[in-house]
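Report on one structure; see the data block that follows.
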Amino acid sequence: MIPLSLSLRNFLSYGEGVPTLDFTQFRIACLTGDNGHGKSALLDAITWALWGWARGHRYGQGGSSPDELVHQGQSDMEVSLEFLAEGANYRVLRKYSRGSRGRSSSIILDLQAAAGDGYRSLSEGATSDTERRIQHLLGMDYETFINSAFLLQGQADRFTASTPSKRKETLAEILGLSLFERLEDRAREQVRER
């Protein structure tokens, strides 16, 4: 996955009117600044959009309430991430609205593929189905991402401190070894049939 742009509205320290971050303008980025100025929030926005995780916690779908991610004084938020994967442009849009006066809160997740001048939705029926589709498209889940490409604050040793079997599983995911396991299973099945 190659990020192309990131748009935030009312996510953590970012309120309304935040300009879109265009990743196509640079090849390498270094986020610097004082504590509490939103550096980690940008990275959390990416992980929340793709996997529903931010700050090392799962939000919605059986995890913590996303209320704590909503910008102070606001009732909803959204993150949109455009990226390149498998040679095509995609966009993930994740929105959350707090419940009020008898209404329950809601999370909307939409995976979209570039089509002509716009995007067409590829979302599945349930949020969890769409999340699985995103995970399949990216070829990794959140755990693999934070053990290989993104080091959480205070958890730089997460991969090395894992059990040997967990490290093996993470490396197998990164290297795509599960494909070979599936091919081996298919070959065995064909041998049994013959």
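Here, A, B, ... name the chains of the structure tokens in the order displayed, residue numbers run from 1 inside each chain, and ligands are numbered from 1 in the same displayed order.
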Practice task
Check the DSSP output for the backbone and give back, as a ChimeraX atom specification, the residues of chain A in helix (DSSP H, G or I).
Solution key: /A:23-25,39-51,66-69,127-138,142-148,158-161,164-175,177-193
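Remark: for A:Ser80, the closest of the candidate residues A:Phe145, A:Phe26, A:Trp48, A:Tyr14 is A:Trp48 (distances computed over only C-alpha atoms).
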Exercise for the section: Step one, run DSSP on the backbone; step two, keep only residues of chain A assigned to strand (DSSP E or B); then write them as number ranges by chain. Expected result: A: 2-9, 11, 14, 21-22, 53-54, 57-59, 64, 70, 76-85, 88-97, 106-115, 118-121
With C-alpha atoms retained, could you export that selection as a PDB file, in the first residue's frame?
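Saved as part24.pdb:
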```
ATOM      1  CA  ILE A   2       1.213   3.467  -0.922  1.00  0.00           C
ATOM      2  CA  PRO A   3      -0.746   6.302   0.732  1.00  0.00           C
ATOM      3  CA  LEU A   4      -1.853   9.062  -1.656  1.00  0.00           C
ATOM      4  CA  SER A   5      -3.872  11.430   0.550  1.00  0.00           C
ATOM      5  CA  LEU A   6      -5.376  11.710   4.013  1.00  0.00           C
ATOM      6  CA  SER A   7      -8.381  13.839   4.981  1.00  0.00           C
ATOM      7  CA  LEU A   8      -9.507  14.306   8.588  1.00  0.00           C
ATOM      8  CA  ARG A   9     -12.511  15.946  10.172  1.00  0.00           C
ATOM      9  CA  PHE A  11     -10.445  13.307  14.570  1.00  0.00           C
ATOM     10  CA  TYR A  14      -7.872  17.878  14.308  1.00  0.00           C
ATOM     11  CA  LEU A  21      -2.491  15.837   3.383  1.00  0.00           C
ATOM     12  CA  ASP A  22      -1.193  15.035  -0.108  1.00  0.00           C
ATOM     13  CA  TRP A  53      -7.561   0.659  15.535  1.00  0.00           C
ATOM     14  CA  ALA A  54      -5.916   3.787  16.981  1.00  0.00           C
ATOM     15  CA  HIS A  57      -6.863   0.005  20.862  1.00  0.00           C
ATOM     16  CA  ARG A  58      -9.720  -1.412  18.791  1.00  0.00           C
ATOM     17  CA  TYR A  59     -12.632   1.021  18.374  1.00  0.00           C
ATOM     18  CA  SER A  64     -13.707   0.566  22.860  1.00  0.00           C
ATOM     19  CA  VAL A  70     -13.898  12.526  18.400  1.00  0.00           C
ATOM     20  CA  ASP A  76     -19.022  13.083  14.704  1.00  0.00           C
ATOM     21  CA  MET A  77     -15.762  12.492  12.869  1.00  0.00           C
ATOM     22  CA  GLU A  78     -14.479  11.052   9.633  1.00  0.00           C
ATOM     23  CA  VAL A  79     -11.218   9.963   8.070  1.00  0.00           C
ATOM     24  CA  SER A  80     -10.646   9.357   4.370  1.00  0.00           C
ATOM     25  CA  LEU A  81      -7.486   7.648   3.114  1.00  0.00           C
ATOM     26  CA  GLU A  82      -6.681   7.281  -0.571  1.00  0.00           C
ATOM     27  CA  PHE A  83      -4.008   4.734  -1.428  1.00  0.00           C
ATOM     28  CA  LEU A  84      -2.480   2.655  -4.191  1.00  0.00           C
ATOM     29  CA  ALA A  85      -2.590  -1.146  -3.861  1.00  0.00           C
ATOM     30  CA  ALA A  88      -5.104   0.465  -8.515  1.00  0.00           C
ATOM     31  CA  ASN A  89      -6.325   3.485  -6.536  1.00  0.00           C
ATOM     32  CA  TYR A  90      -8.615   2.926  -3.568  1.00  0.00           C
ATOM     33  CA  ARG A  91     -10.212   5.041  -0.888  1.00  0.00           C
ATOM     34  CA  VAL A  92     -11.340   4.041   2.588  1.00  0.00           C
ATOM     35  CA  LEU A  93     -13.824   6.304   4.314  1.00  0.00           C
ATOM     36  CA  ARG A  94     -14.638   5.645   7.970  1.00  0.00           C
ATOM     37  CA  LYS A  95     -17.178   7.844   9.775  1.00  0.00           C
ATOM     38  CA  TYR A  96     -18.467   7.810  13.317  1.00  0.00           C
ATOM     39  CA  SER A  97     -21.415   9.668  14.884  1.00  0.00           C
ATOM     40  CA  SER A 106     -23.064   4.639  14.180  1.00  0.00           C
ATOM     41  CA  ILE A 107     -19.941   3.699  12.274  1.00  0.00           C
ATOM     42  CA  ILE A 108     -19.853   3.773   8.504  1.00  0.00           C
ATOM     43  CA  LEU A 109     -17.022   2.081   6.620  1.00  0.00           C
ATOM     44  CA  ASP A 110     -16.791   2.338   2.861  1.00  0.00           C
ATOM     45  CA  LEU A 111     -14.071   0.815   0.681  1.00  0.00           C
ATOM     46  CA  GLN A 112     -14.056   2.372  -2.768  1.00  0.00           C
ATOM     47  CA  ALA A 113     -12.141   1.749  -6.006  1.00  0.00           C
ATOM     48  CA  ALA A 114     -11.265   4.468  -8.492  1.00  0.00           C
ATOM     49  CA  ALA A 115     -13.604   4.361 -11.483  1.00  0.00           C
ATOM     50  CA  GLY A 118     -14.856   9.123  -9.178  1.00  0.00           C
ATOM     51  CA  TYR A 119     -15.024   6.077  -6.971  1.00  0.00           C
ATOM     52  CA  ARG A 120     -17.386   3.100  -6.760  1.00  0.00           C
ATOM     53  CA  SER A 121     -18.131   1.306  -3.517  1.00  0.00           C
TER      54      SER A 121
END
```
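The nearest approach to A:Gln72 among the residues A:Asp129, A:Asp117, A:Glu16, A:Asp185, with only C-alpha atoms taken into account, belongs to A:Glu16.
A straight line drawn from atom CA of A:Val18 to atom CA of A:Trp51 is 22.1 Å long.
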Handout entry: Interatomic distance, atom CA of A:Leu12 to atom CA of A:Ala41 (Å, one decimal)
Key =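 Taking atom CA of A:Leu12 as the start and atom CA of A:Ala41 as the end point, the length is 6.5 Å.
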Handout entry: One-decimal distance in Å that lies between atom CA of A:Gly52 and atom CA of A:Leu137
Key =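 Distance reported for this atom pair: 15.5 Å.
Within 9 Å of A:Asp141, once only C-alpha atoms are used and residues closer than 4 positions along the same chain are dropped, the contacting residues are A:Trp51, A:Arg132, A:Ile134, A:Gln135, A:His136, A:Phe145, A:Ile146, A:Glu173.
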Suppose we keep N, CA, C and O atoms; can you now write the selection as a compact mmCIF listing (two decimals), in the first residue's frame?
```txt
# COMPACT_ATOMS: atom_id res chain seq x y z
N TRP A 51 -8.19 -0.21 9.75
CA TRP A 51 -8.46 -1.37 10.59
C TRP A 51 -9.38 -1.11 11.77
O TRP A 51 -9.73 -2.04 12.49
N ARG A 132 -12.49 -7.17 6.47
CA ARG A 132 -11.78 -8.34 5.94
C ARG A 132 -11.34 -8.10 4.50
O ARG A 132 -10.25 -8.49 4.10
N ILE A 134 -10.62 -5.17 3.12
CA ILE A 134 -9.50 -4.23 3.18
C ILE A 134 -8.23 -4.98 3.58
O ILE A 134 -7.17 -4.81 2.97
N GLN A 135 -8.35 -5.83 4.60
CA GLN A 135 -7.21 -6.60 5.07
C GLN A 135 -6.66 -7.48 3.96
O GLN A 135 -5.44 -7.58 3.76
N HIS A 136 -7.54 -8.11 3.20
CA HIS A 136 -7.11 -8.96 2.08
C HIS A 136 -6.42 -8.11 1.00
O HIS A 136 -5.39 -8.51 0.45
N PHE A 145 0.95 -4.94 10.66
CA PHE A 145 1.37 -3.57 10.36
C PHE A 145 2.19 -2.98 11.50
O PHE A 145 3.26 -2.41 11.27
N ILE A 146 1.71 -3.10 12.74
CA ILE A 146 2.43 -2.48 13.85
C ILE A 146 3.67 -3.26 14.26
O ILE A 146 4.51 -2.76 15.00
N GLU A 173 3.22 -13.70 7.47
CA GLU A 173 2.21 -12.78 6.92
C GLU A 173 2.87 -11.74 6.01
O GLU A 173 2.40 -11.46 4.91
```
Completion exercise
Using only C-alpha atoms, the residue out of A:Glu184, A:Asp67, A:Asp44, A:Asp34 with shortest distance to A:Gly99 is A:Asp67
Handout entry: Residue nearest A:His37 among A:Thr20, A:Gln25, A:Ser13, A:Ser75 (counting only C-alpha atoms)
Key = A:Ser13
